[in-house]
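Engineer: Sharing query27.cif, mmCIF, C-alpha atoms (C1' of nucleotides):
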data_model
#
loop_
_atom_site.label_atom_id
_atom_site.label_comp_id
_atom_site.auth_asym_id
_atom_site.auth_seq_id
_atom_site.Cartn_x
_atom_site.Cartn_y
_atom_site.Cartn_z
CA MET O 42 20.07 12.29 -32.17
CA GLU O 43 21.64 15.69 -31.58
CA VAL O 44 20.58 17.85 -28.68
CA SER O 45 19.61 20.68 -31.02
CA LYS O 46 17.37 18.31 -32.93
CA ILE O 47 15.74 17.22 -29.66
CA LYS O 48 15.07 20.84 -28.73
CA GLU O 49 13.61 21.58 -32.15
CA THR O 50 11.28 18.63 -32.31
CA GLY O 51 10.47 18.27 -28.63
CA ASP O 52 11.54 14.64 -28.97
CA PHE O 53 13.04 12.79 -26.04
CA SER O 54 14.87 9.54 -25.57
CA ASP O 55 12.83 6.42 -25.05
CA VAL O 56 14.51 5.77 -21.70
CA TYR O 57 13.56 9.23 -20.49
CA LEU O 58 9.97 8.68 -21.58
CA SER O 59 9.84 5.37 -19.68
CA LYS O 60 11.00 7.06 -16.50
CA LEU O 61 8.61 9.95 -16.94
CA ALA O 62 5.68 7.62 -17.57
CA LEU O 63 6.49 5.63 -14.42
CA PHE O 64 6.82 8.84 -12.44
CA GLU O 65 3.41 10.07 -13.59
CA LEU O 66 1.89 6.66 -12.98
CA THR O 67 3.27 6.60 -9.44
CA SER O 68 2.04 10.13 -8.80
CA LEU O 69 -1.41 9.18 -10.02
CA ASN O 70 -1.46 6.10 -7.79
CA ASP O 71 -0.51 8.09 -4.73
CA ALA O 72 -3.06 10.82 -5.43
CA MET O 73 -5.68 8.23 -6.25
CA LYS O 74 -5.01 6.39 -3.01
CA ASP O 75 -5.38 9.57 -0.98
CA THR O 76 -8.59 10.53 -2.79
CA PHE O 77 -10.19 7.12 -2.35
CA ASP O 78 -9.10 6.95 1.31
CA ILE O 79 -10.93 10.20 2.02
CA HIS O 80 -13.93 9.01 0.01
CA PHE O 81 -14.14 5.74 1.95
CA ALA O 82 -13.50 7.42 5.30
CA ARG O 83 -16.44 9.76 4.72
CA HIS O 84 -18.61 6.65 4.95
CA GLY O 85 -16.77 4.99 7.82
CA LEU O 86 -14.98 2.62 5.46
CA SER O 87 -11.50 1.87 4.15
CA GLU O 88 -10.44 0.38 0.86
CA PRO O 89 -9.72 -3.12 2.27
CA LYS O 90 -12.96 -3.13 4.24
CA PHE O 91 -14.91 -2.03 1.16
CA LYS O 92 -13.39 -4.86 -0.86
CA VAL O 93 -14.52 -7.40 1.72
CA LEU O 94 -18.01 -5.90 1.99
CA ILE O 95 -18.61 -5.56 -1.77
CA ASN O 96 -17.65 -9.21 -2.26
CA LEU O 97 -20.00 -10.31 0.50
CA TYR O 98 -22.71 -8.03 -0.92
CA MET O 99 -22.43 -9.71 -4.31
CA ALA O 100 -22.23 -13.17 -2.77
CA GLY O 101 -25.72 -12.95 -1.29
CA ASP O 102 -27.19 -14.72 1.72
CA ARG O 103 -24.80 -17.66 1.88
CA GLY O 104 -21.86 -15.29 2.18
CA LEU O 105 -18.31 -16.47 1.57
CA ILE O 106 -15.70 -18.41 3.50
CA GLN O 107 -12.53 -16.55 4.42
CA SER O 108 -10.44 -18.53 1.97
CA ASP O 109 -12.68 -17.39 -0.90
CA LEU O 110 -12.40 -13.79 0.27
CA SER O 111 -8.64 -14.22 0.30
CA THR O 112 -8.67 -15.37 -3.33
CA LYS O 113 -11.10 -12.71 -4.54
CA ILE O 114 -9.37 -9.81 -2.83
CA ASN O 115 -5.91 -11.18 -3.46
CA VAL O 116 -4.61 -10.88 0.09
CA SER O 117 -3.33 -13.59 2.41
CA ARG O 118 -5.68 -15.74 4.50
CA ALA O 119 -3.98 -14.40 7.62
CA ASN O 120 -4.88 -10.88 6.59
CA ILE O 121 -8.51 -11.85 6.00
CA THR O 122 -8.66 -13.16 9.57
CA GLY O 123 -7.81 -9.69 10.85
CA LEU O 124 -10.07 -7.82 8.43
CA VAL O 125 -13.09 -9.99 9.23
CA GLU O 126 -12.32 -9.73 12.94
CA ARG O 127 -12.42 -5.93 12.81
CA LEU O 128 -15.55 -5.90 10.64
CA GLU O 129 -17.19 -8.26 13.14
CA LYS O 130 -16.33 -5.90 16.00
CA GLU O 131 -17.99 -3.08 14.04
CA GLY O 132 -21.09 -5.19 13.59
CA LEU O 133 -20.78 -5.28 9.79
CA VAL O 134 -20.29 -9.02 9.34
CA VAL O 135 -21.07 -12.24 11.20
CA ARG O 136 -19.29 -15.59 11.06
CA ASN O 137 -21.68 -18.55 10.93
CA ASP O 138 -20.56 -22.15 11.37
CA ASP O 139 -20.88 -24.26 8.26
CA PRO O 140 -22.42 -27.62 9.24
CA SER O 141 -20.95 -29.32 6.17
CA ASP O 142 -17.35 -28.26 6.84
CA LYS O 143 -16.19 -27.73 10.38
CA ARG O 144 -13.01 -25.95 9.27
CA VAL O 145 -14.76 -22.90 7.90
CA PHE O 146 -17.05 -19.99 8.72
CA ARG O 147 -19.56 -18.54 6.33
CA VAL O 148 -18.95 -14.80 6.56
CA CYS O 149 -22.12 -12.77 5.89
CA LEU O 150 -23.13 -9.11 5.92
CA THR O 151 -25.32 -7.91 8.75
CA SER O 152 -28.47 -6.05 7.77
CA ARG O 153 -26.75 -2.84 8.83
CA ALA O 154 -23.85 -3.52 6.45
CA PHE O 155 -26.29 -4.43 3.69
CA ALA O 156 -28.09 -1.10 4.12
CA LEU O 157 -24.76 0.72 4.24
CA MET O 158 -23.60 -0.86 0.98
CA HIS O 159 -26.98 -0.34 -0.66
CA ALA O 160 -26.63 3.38 -0.03
CA PHE O 161 -22.90 3.58 -0.70
CA ILE O 162 -22.61 1.71 -4.00
CA PRO O 163 -24.30 4.37 -6.20
CA ILE O 164 -22.26 7.05 -4.47
CA HIS O 165 -19.13 5.03 -5.10
CA ASN O 166 -20.01 4.54 -8.77
CA GLU O 167 -20.54 8.26 -9.22
CA PHE O 168 -17.25 8.92 -7.48
CA MET O 169 -15.35 6.59 -9.79
CA HIS O 170 -16.92 8.26 -12.78
CA ARG O 171 -16.02 11.71 -11.49
CA ILE O 172 -12.39 10.72 -11.09
CA MET O 173 -12.23 9.70 -14.75
CA MET O 174 -14.01 12.84 -15.97
CA PRO O 175 -10.79 14.55 -17.18
CA LEU O 176 -10.76 12.04 -20.06
CA ASP O 177 -13.39 11.94 -22.79
CA LYS O 178 -14.66 8.64 -24.17
CA ASN O 179 -11.97 8.32 -26.82
CA GLU O 180 -9.24 9.08 -24.34
CA LYS O 181 -10.63 6.52 -21.91
CA GLU O 182 -10.62 3.87 -24.61
CA LEU O 183 -7.06 4.80 -25.46
CA PHE O 184 -6.06 4.78 -21.80
CA ILE O 185 -7.59 1.33 -21.31
CA SER O 186 -5.73 -0.09 -24.31
CA LEU O 187 -2.43 1.28 -23.06
CA LEU O 188 -3.03 -0.09 -19.55
CA LYS O 189 -3.88 -3.49 -21.01
CA LYS O 190 -0.67 -3.52 -23.00
CA LEU O 191 1.38 -2.76 -19.89
CA ASN O 192 -0.53 -5.37 -17.89
CA LYS O 193 0.15 -8.04 -20.48
CA GLY O 194 3.81 -7.08 -20.54
CA LEU O 195 4.08 -7.55 -16.79
CA GLU O 196 2.81 -11.12 -17.06
CA LEU O 197 5.99 -12.02 -18.89
CA ILE O 198 8.45 -10.49 -16.42
CA MET N 298 -28.31 4.61 -27.42
CA GLU N 299 -29.87 1.26 -28.30
CA VAL N 300 -28.20 -1.99 -27.38
CA SER N 301 -28.09 -3.09 -31.00
CA LYS N 302 -26.29 0.12 -31.91
CA ILE N 303 -23.77 -0.49 -29.16
CA LYS N 304 -23.12 -4.00 -30.47
CA GLU N 305 -22.71 -2.72 -34.02
CA THR N 306 -20.32 0.06 -33.26
CA GLY N 307 -18.49 -1.45 -30.29
CA ASP N 308 -19.36 1.75 -28.43
CA PHE N 309 -19.91 1.70 -24.68
CA SER N 310 -21.33 4.08 -22.14
CA ASP N 311 -19.03 6.62 -20.61
CA VAL N 312 -19.77 5.31 -17.12
CA TYR N 313 -18.78 1.81 -18.16
CA LEU N 314 -15.54 3.09 -19.66
CA SER N 315 -14.73 4.93 -16.43
CA LYS N 316 -15.17 1.76 -14.41
CA LEU N 317 -13.18 -0.30 -16.87
CA ALA N 318 -10.34 2.23 -16.90
CA LEU N 319 -10.19 2.22 -13.10
CA PHE N 320 -10.26 -1.57 -13.08
CA GLU N 321 -7.34 -1.77 -15.50
CA LEU N 322 -5.46 0.93 -13.60
CA THR N 323 -5.92 -0.96 -10.34
CA SER N 324 -4.81 -4.22 -11.96
CA LEU N 325 -1.72 -2.53 -13.31
CA ASN N 326 -0.90 -1.06 -9.92
CA ASP N 327 -1.21 -4.42 -8.21
CA ALA N 328 0.89 -6.20 -10.83
CA MET N 329 3.40 -3.36 -10.82
CA LYS N 330 3.69 -3.54 -7.06
CA ASP N 331 4.34 -7.29 -7.13
CA THR N 332 6.90 -6.93 -9.90
CA PHE N 333 8.80 -4.15 -8.16
CA ASP N 334 8.66 -5.96 -4.81
CA ILE N 335 10.40 -8.98 -6.37
CA HIS N 336 12.89 -6.71 -8.14
CA PHE N 337 13.79 -4.89 -4.92
CA ALA N 338 13.88 -8.11 -2.88
CA ARG N 339 16.42 -9.59 -5.30
CA HIS N 340 18.78 -6.90 -4.04
CA GLY N 341 17.84 -7.11 -0.37
CA LEU N 342 15.71 -3.98 -0.65
CA SER N 343 12.07 -2.93 -0.46
CA GLU N 344 10.32 -0.04 -2.13
CA PRO N 345 10.21 2.17 1.03
CA LYS N 346 13.83 1.41 1.82
CA PHE N 347 14.86 2.20 -1.74
CA LYS N 348 13.07 5.53 -1.57
CA VAL N 349 15.00 6.47 1.57
CA LEU N 350 18.32 5.30 0.13
CA ILE N 351 17.93 6.99 -3.27
CA ASN N 352 17.12 10.29 -1.56
CA LEU N 353 20.16 9.99 0.68
CA TYR N 354 22.27 8.99 -2.33
CA MET N 355 21.25 12.13 -4.18
CA ALA N 356 21.67 14.29 -1.09
CA GLY N 357 25.39 13.60 -0.86
CA ASP N 358 27.69 13.68 2.15
CA ARG N 359 25.63 15.94 4.38
CA GLY N 360 22.70 13.54 4.12
CA LEU N 361 19.20 14.59 5.15
CA ILE N 362 17.31 15.07 8.37
CA GLN N 363 14.35 12.76 8.96
CA SER N 364 11.87 15.57 8.50
CA ASP N 365 13.22 16.22 4.98
CA LEU N 366 13.01 12.52 4.18
CA SER N 367 9.42 12.60 5.39
CA THR N 368 8.59 15.44 2.98
CA LYS N 369 10.45 13.98 0.02
CA ILE N 370 9.03 10.47 0.35
CA ASN N 371 5.63 11.73 1.42
CA VAL N 372 5.25 9.56 4.50
CA SER N 373 4.79 10.57 8.13
CA ARG N 374 7.72 11.51 10.36
CA ALA N 375 6.78 8.64 12.66
CA ASN N 376 7.15 6.23 9.77
CA ILE N 377 10.57 7.63 8.89
CA THR N 378 11.70 6.93 12.45
CA GLY N 379 10.97 3.24 11.91
CA LEU N 380 12.40 3.06 8.40
CA VAL N 381 15.67 4.73 9.41
CA GLU N 382 15.84 2.52 12.50
CA ARG N 383 15.64 -0.64 10.42
CA LEU N 384 18.13 0.68 7.85
CA GLU N 385 20.49 1.54 10.69
CA LYS N 386 20.23 -2.01 12.05
CA GLU N 387 21.15 -3.29 8.58
CA GLY N 388 24.17 -1.02 8.51
CA LEU N 389 22.92 0.97 5.52
CA VAL N 390 22.58 4.38 7.19
CA VAL N 391 24.03 6.24 10.17
CA ARG N 392 22.50 9.05 12.21
CA ASN N 393 24.95 11.81 13.01
CA ASP N 394 24.25 14.58 15.50
CA ASP N 395 23.90 18.03 13.96
CA PRO N 396 25.87 20.52 16.06
CA SER N 397 23.79 23.44 14.81
CA ASP N 398 20.41 21.93 15.71
CA LYS N 399 20.14 19.58 18.66
CA ARG N 400 16.67 18.40 17.63
CA VAL N 401 17.81 16.59 14.50
CA PHE N 402 20.04 13.85 13.11
CA ARG N 403 21.77 14.00 9.77
CA VAL N 404 20.97 10.65 8.21
CA CYS N 405 23.72 9.48 5.83
CA LEU N 406 24.47 6.41 3.72
CA THR N 407 27.24 4.10 4.90
CA SER N 408 29.90 3.24 2.34
CA ARG N 409 28.29 -0.17 2.00
CA ALA N 410 24.94 1.42 1.13
CA PHE N 411 26.66 3.79 -1.27
CA ALA N 412 28.28 0.86 -3.08
CA LEU N 413 24.97 -1.00 -3.10
CA MET N 414 23.15 1.95 -4.66
CA HIS N 415 25.97 2.59 -7.11
CA ALA N 416 25.53 -0.96 -8.42
CA PHE N 417 21.75 -1.05 -8.15
CA ILE N 418 20.78 2.22 -9.82
CA PRO N 419 21.67 1.23 -13.41
CA ILE N 420 19.94 -2.11 -12.87
CA HIS N 421 16.90 -0.28 -11.56
CA ASN N 422 16.88 2.09 -14.53
CA GLU N 423 17.01 -0.81 -16.96
CA PHE N 424 14.22 -2.50 -15.06
CA MET N 425 11.97 0.55 -15.26
CA HIS N 426 12.64 0.79 -18.98
CA ARG N 427 11.83 -2.88 -19.49
CA ILE N 428 8.50 -2.50 -17.74
CA MET N 429 7.50 0.27 -20.15
CA MET N 430 8.71 -1.65 -23.23
CA PRO N 431 5.18 -2.70 -24.31
CA LEU N 432 4.61 0.93 -25.35
CA ASP N 433 6.47 2.62 -28.19
CA LYS N 434 7.59 6.25 -27.92
CA ASN N 435 4.36 7.70 -29.24
CA GLU N 436 2.28 5.57 -26.92
CA LYS N 437 4.42 6.59 -23.96
CA GLU N 438 3.92 10.25 -24.77
CA LEU N 439 0.20 9.66 -25.07
CA PHE N 440 0.15 7.68 -21.82
CA ILE N 441 2.01 10.47 -20.02
CA SER N 442 -0.43 13.12 -21.25
CA LEU N 443 -3.42 11.06 -20.11
CA LEU N 444 -1.87 10.45 -16.70
CA LYS N 445 -1.17 14.16 -16.33
CA LYS N 446 -4.78 15.00 -17.14
CA LEU N 447 -6.03 12.58 -14.49
CA ASN N 448 -3.49 13.87 -11.98
CA LYS N 449 -4.61 17.46 -12.52
CA GLY N 450 -8.23 16.40 -12.16
CA LEU N 451 -7.52 14.83 -8.78
CA GLU N 452 -6.10 18.10 -7.48
CA LEU N 453 -9.57 19.60 -7.70
CA ILE N 454 -11.46 16.85 -5.86
"C1'" DC U 194 14.64 39.14 26.50
"C1'" DT U 195 10.88 36.64 27.64
"C1'" DT U 196 6.74 34.52 25.84
"C1'" DA U 197 4.47 32.17 22.40
"C1'" DA U 198 4.45 29.55 18.39
"C1'" DT U 199 6.61 26.14 15.59
"C1'" DC U 200 9.46 22.28 14.40
"C1'" DT U 201 11.59 17.63 15.26
"C1'" DG U 202 11.82 13.01 16.49
"C1'" DT U 203 9.74 9.44 19.36
"C1'" DT U 204 6.20 6.69 21.44
"C1'" DA U 205 1.72 4.38 21.69
"C1'" DA U 206 -2.24 2.59 19.59
"C1'" DT U 207 -4.06 0.98 15.52
"C1'" DA U 208 -4.73 -0.75 10.44
"C1'" DT U 209 -3.06 -3.31 6.78
"C1'" DG U 210 -0.05 -6.42 4.75
"C1'" DT U 211 3.45 -10.50 4.55
"C1'" DT U 212 5.57 -15.36 5.65
"C1'" DT U 213 5.96 -19.35 8.45
"C1'" DA U 214 4.22 -22.87 11.27
"C1'" DC U 215 0.50 -25.39 13.21
"C1'" DA U 216 -3.81 -28.03 14.56
"C1'" DA U 217 -8.09 -29.45 12.97
"C1'" DT U 218 -10.76 -31.08 9.36
"C1'" DA U 219 -11.59 -32.86 4.51
"C1'" DA U 220 -10.39 -35.18 0.49
"C1'" DT U 221 -7.71 -38.52 -1.96
"C1'" DT U 222 -4.90 -42.63 -2.62
"C1'" DT U 223 -3.76 -47.06 -2.06
"C1'" DA T 213 -10.57 -48.66 6.06
"C1'" DA T 214 -6.17 -46.59 6.76
"C1'" DA T 215 -2.67 -43.58 5.45
"C1'" DT T 216 -1.33 -39.64 3.04
"C1'" DT T 217 -2.16 -35.15 1.19
"C1'" DA T 218 -4.52 -30.82 0.97
"C1'" DT T 219 -7.23 -27.06 2.82
"C1'" DT T 220 -8.66 -23.80 6.35
"C1'" DG T 221 -8.27 -20.53 9.87
"C1'" DT T 222 -5.23 -18.73 13.39
"C1'" DA T 223 -1.08 -17.17 15.76
"C1'" DA T 224 3.47 -15.16 15.93
"C1'" DA T 225 6.87 -12.20 14.15
"C1'" DC T 226 7.66 -8.72 11.26
"C1'" DA T 227 7.32 -4.44 7.71
"C1'" DT T 228 4.94 -0.49 6.49
"C1'" DA T 229 1.67 3.04 7.21
"C1'" DT T 230 -1.37 6.30 9.96
"C1'" DT T 231 -2.83 9.74 13.89
"C1'" DA T 232 -2.35 11.79 18.39
"C1'" DA T 233 0.27 13.27 22.12
"C1'" DC T 234 4.57 14.53 23.92
"C1'" DA T 235 9.28 16.64 25.30
"C1'" DG T 236 12.92 19.21 23.83
"C1'" DA T 237 14.92 22.66 20.81
"C1'" DT T 238 14.49 26.48 17.78
"C1'" DT T 239 12.30 30.58 15.94
"C1'" DA T 240 9.28 34.45 15.96
"C1'" DA T 241 6.60 38.08 18.28
"C1'" DG T 242 5.91 41.25 21.64
#
Just give me the structure of the file as structure tokens.

Structural biologist:
Amino acid sequence: MEVSKIKETGDFSDVYLSKLALFELTSLNDAMKDTFDIHFARHGLSEPKFKVLINLYMAGDRGLIQSDLSTKINVSRANITGLVERLEKEGLVVRNDDPSDKRVFRVCLTSRAFALMHAFIPIHNEFMHRIMMPLDKNEKELFISLLKKLNKGLELI
Amino acid sequence: MEVSKIKETGDFSDVYLSKLALFELTSLNDAMKDTFDIHFARHGLSEPKFKVLINLYMAGDRGLIQSDLSTKINVSRANITGLVERLEKEGLVVRNDDPSDKRVFRVCLTSRAFALMHAFIPIHNEFMHRIMMPLDKNEKELFISLLKKLNKGLELI
DNA sequence: CTTAATCTGTTAATATGTTTACAATAATTT
DNA sequence: AAATTATTGTAAACATATTAACAGATTAAG
């Protein structure tokens, strides 16, 4: 395609569009990370800590063992050790011995953490919705389908 | 809207779509990160190291001072100290004194790093293009416009 | 020209993440 | 039942990131 034609039609090469899309995606990730970090920090949390707490919140009274947390959050077991350690220091979780398996702890929310999450979750849901407000329903559906396509593509790489 | 109506039309609440979009976006980020990590590792690099090297590559012979790198890569000056230190140990960058400003170093690529980047950049470009292959040109343009909308929205939060 | 403000890189403390190796315990095989 | 294999949590070593505090150098204000 000639340059003049490109200028007329506003068309660009596919390679250029790929780079631009990745640039915008990266920018969005960075901005998103910053925004969520501030959001979590306002409530004394961080993204990794929230992930641990929300999983324990959903797990109920029996809690979860660290290995399950590792799988659900998709981080290494070694990292979970540190995260749970820090949450324990803050008084947000406790580690109870499991009588049926001496290798593991059952990690559970404290009542304080339960109350914190109970209050935070609706705020968090509203926050997520606010972040997506720039898109209307049709655009969101479109966005989701494009993301799914890219996700499927990555499985094959 | 009634549940039956939702089932008929395949329509969903706006809140649900927001959550789903964020879920898919997060999934894509995670998968993207893993994919790029492997890609960089195949060439003895990491994403942060690549960002430093590509900026120095584009900067030319005079290189950049650490403070500029910090601004361009959007990480703290303290972090740049560590990154440059490790790259120096690997023999990929050198820190030259700047006679006109005794506070700073001019960080420059070694010839080995220059050769590495010269070989890697086309591979990297192809890789980026391959990752975006699941979308055709129209979809990419659409994707870019949606990302830009979300990015602009985040500026106001 | 001196004083004050700013900029630069480093250090220390901390958070989050990885891989590797290991001991203790559980589960499976033979 | 005994031997092998697998799972679990931790520790060590490292990479990447932050903030806060600092010394030294430069710039701006007066």

Engineer: Here's the selection I'm unsure about, the PyMOL selection byres ((chain N and resi 362-368) around 9); applied to the file above, which residues does it give, as a PyMOL selection string?

Structural biologist: (chain N and resi 349+352-353+360-361+369-378+381+392+401-405) or (chain U and resi 201-202)

Engineer: In the coordinates of the file, take the point (5.9, 15.4, 24.9) and a cut-off of 10 Å; then, counting only C-alpha atoms (C1' of nucleotides), name each qualifying protein, DNA or RNA residue as a PyMOL selection string.

Structural biologist: (chain U and resi 203-204) or (chain T and resi 233-236)

Engineer: With 12 Å as the limit and counting all atoms listed in the file, what residues in chain U lie close to chain O? Please list them as a tab-separated table (two decimals) with C-alpha atoms (C1' of nucleotides), in the coordinates of the input.

Structural biologist:
chain	number	residue	atom	x	y	z
U	207	DT	C1'	-4.06	0.98	15.52
U	208	DA	C1'	-4.73	-0.75	10.44
U	209	DT	C1'	-3.06	-3.31	6.78
U	210	DG	C1'	-0.05	-6.42	4.75
U	211	DT	C1'	3.45	-10.50	4.55
U	212	DT	C1'	5.57	-15.36	5.65
U	213	DT	C1'	5.96	-19.35	8.45
U	216	DA	C1'	-3.81	-28.03	14.56
U	217	DA	C1'	-8.09	-29.45	12.97
U	218	DT	C1'	-10.76	-31.08	9.36
U	219	DA	C1'	-11.59	-32.86	4.51
U	220	DA	C1'	-10.39	-35.18	0.49

Engineer: When the PyMOL selection byres ((chain T) within 8 of (chain O)) is applied to the file above, which residues end up in the set, as a PDB file with C-alpha atoms (C1' of nucleotides), keeping the file's coordinate frame?

Structural biologist:
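And here is the file that came out, expr-v1.pdb:
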ATOM      1  C1'  DT T 220      -8.660 -23.800   6.350  1.00  0.00           C
ATOM      2  C1'  DG T 221      -8.270 -20.530   9.870  1.00  0.00           C
ATOM      3  C1'  DT T 222      -5.230 -18.730  13.390  1.00  0.00           C
TER       4       DT T 222
END

Engineer: Atom CA of N:Ile351 and atom CA of N:Leu432, how far apart in Å?

Structural biologist: 26.5 Å

Engineer: Please measure the separation of atom CA of N:Leu384 and atom CA of N:Lys346, giving the value in Å to one decimal.

Structural biologist: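 Distance reported for this atom pair: 7.4 Å.
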
Engineer: Residues of chain N were defined as contacting chain O if any atom lay at most 8 Å from it, counting only C-alpha atoms; please report them as JSON, numbers by chain.

Structural biologist: {"N": [311, 312, 314, 315, 316, 317, 318, 319, 321, 322, 324, 325, 326, 328, 329, 332, 422, 425, 426, 428, 429, 430, 431, 432, 434, 436, 437, 438, 440, 441, 443, 444, 445, 446, 447, 448, 450, 451, 454]}

Engineer: At what distance in Å, to one decimal, does atom CA of N:Glu344 lie from atom CA of O:Glu126?

Structural biologist: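 Separation between atom CA of O:Glu126 and atom CA of N:Glu344: 28.9 Å.
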
Engineer: Just need the box for stretch 312-331 of chain N, edges along x, y and z, holding every atom the file lists for it with 5 Å tacked onto each side, so centre and edge lengths in Å to one decimal, as JSON.

Structural biologist:
{"center_x": -7.7, "center_y": -1.0, "center_z": -13.4, "size_x": 34.1, "size_y": 22.6, "size_z": 22.6}

Engineer: Please write the residues picked by the PyMOL selection byres ((chain U and resi 199) around 12) on this file as a list in words.

Structural biologist: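 Selection result, ordered by chain and number: DA197, DA198, DC200 and DT201 of chain U; DA237, DT238, DT239 and DA240 of chain T.
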
Engineer: Which residues, written as a PDB file with C-alpha atoms, in the frame of the given file, have at least one atom at most 9 Å from N:His340, with all atoms listed in the file counted and residues fewer than 4 positions away on the same chain left out?

Structural biologist:
ATOM      1  CA  ILE N 335      10.400  -8.980  -6.370  1.00  0.00           C
ATOM      2  CA  HIS N 336      12.890  -6.710  -8.140  1.00  0.00           C
ATOM      3  CA  LEU N 413      24.970  -1.000  -3.100  1.00  0.00           C
ATOM      4  CA  PHE N 417      21.750  -1.050  -8.150  1.00  0.00           C
TER       5      PHE N 417
END
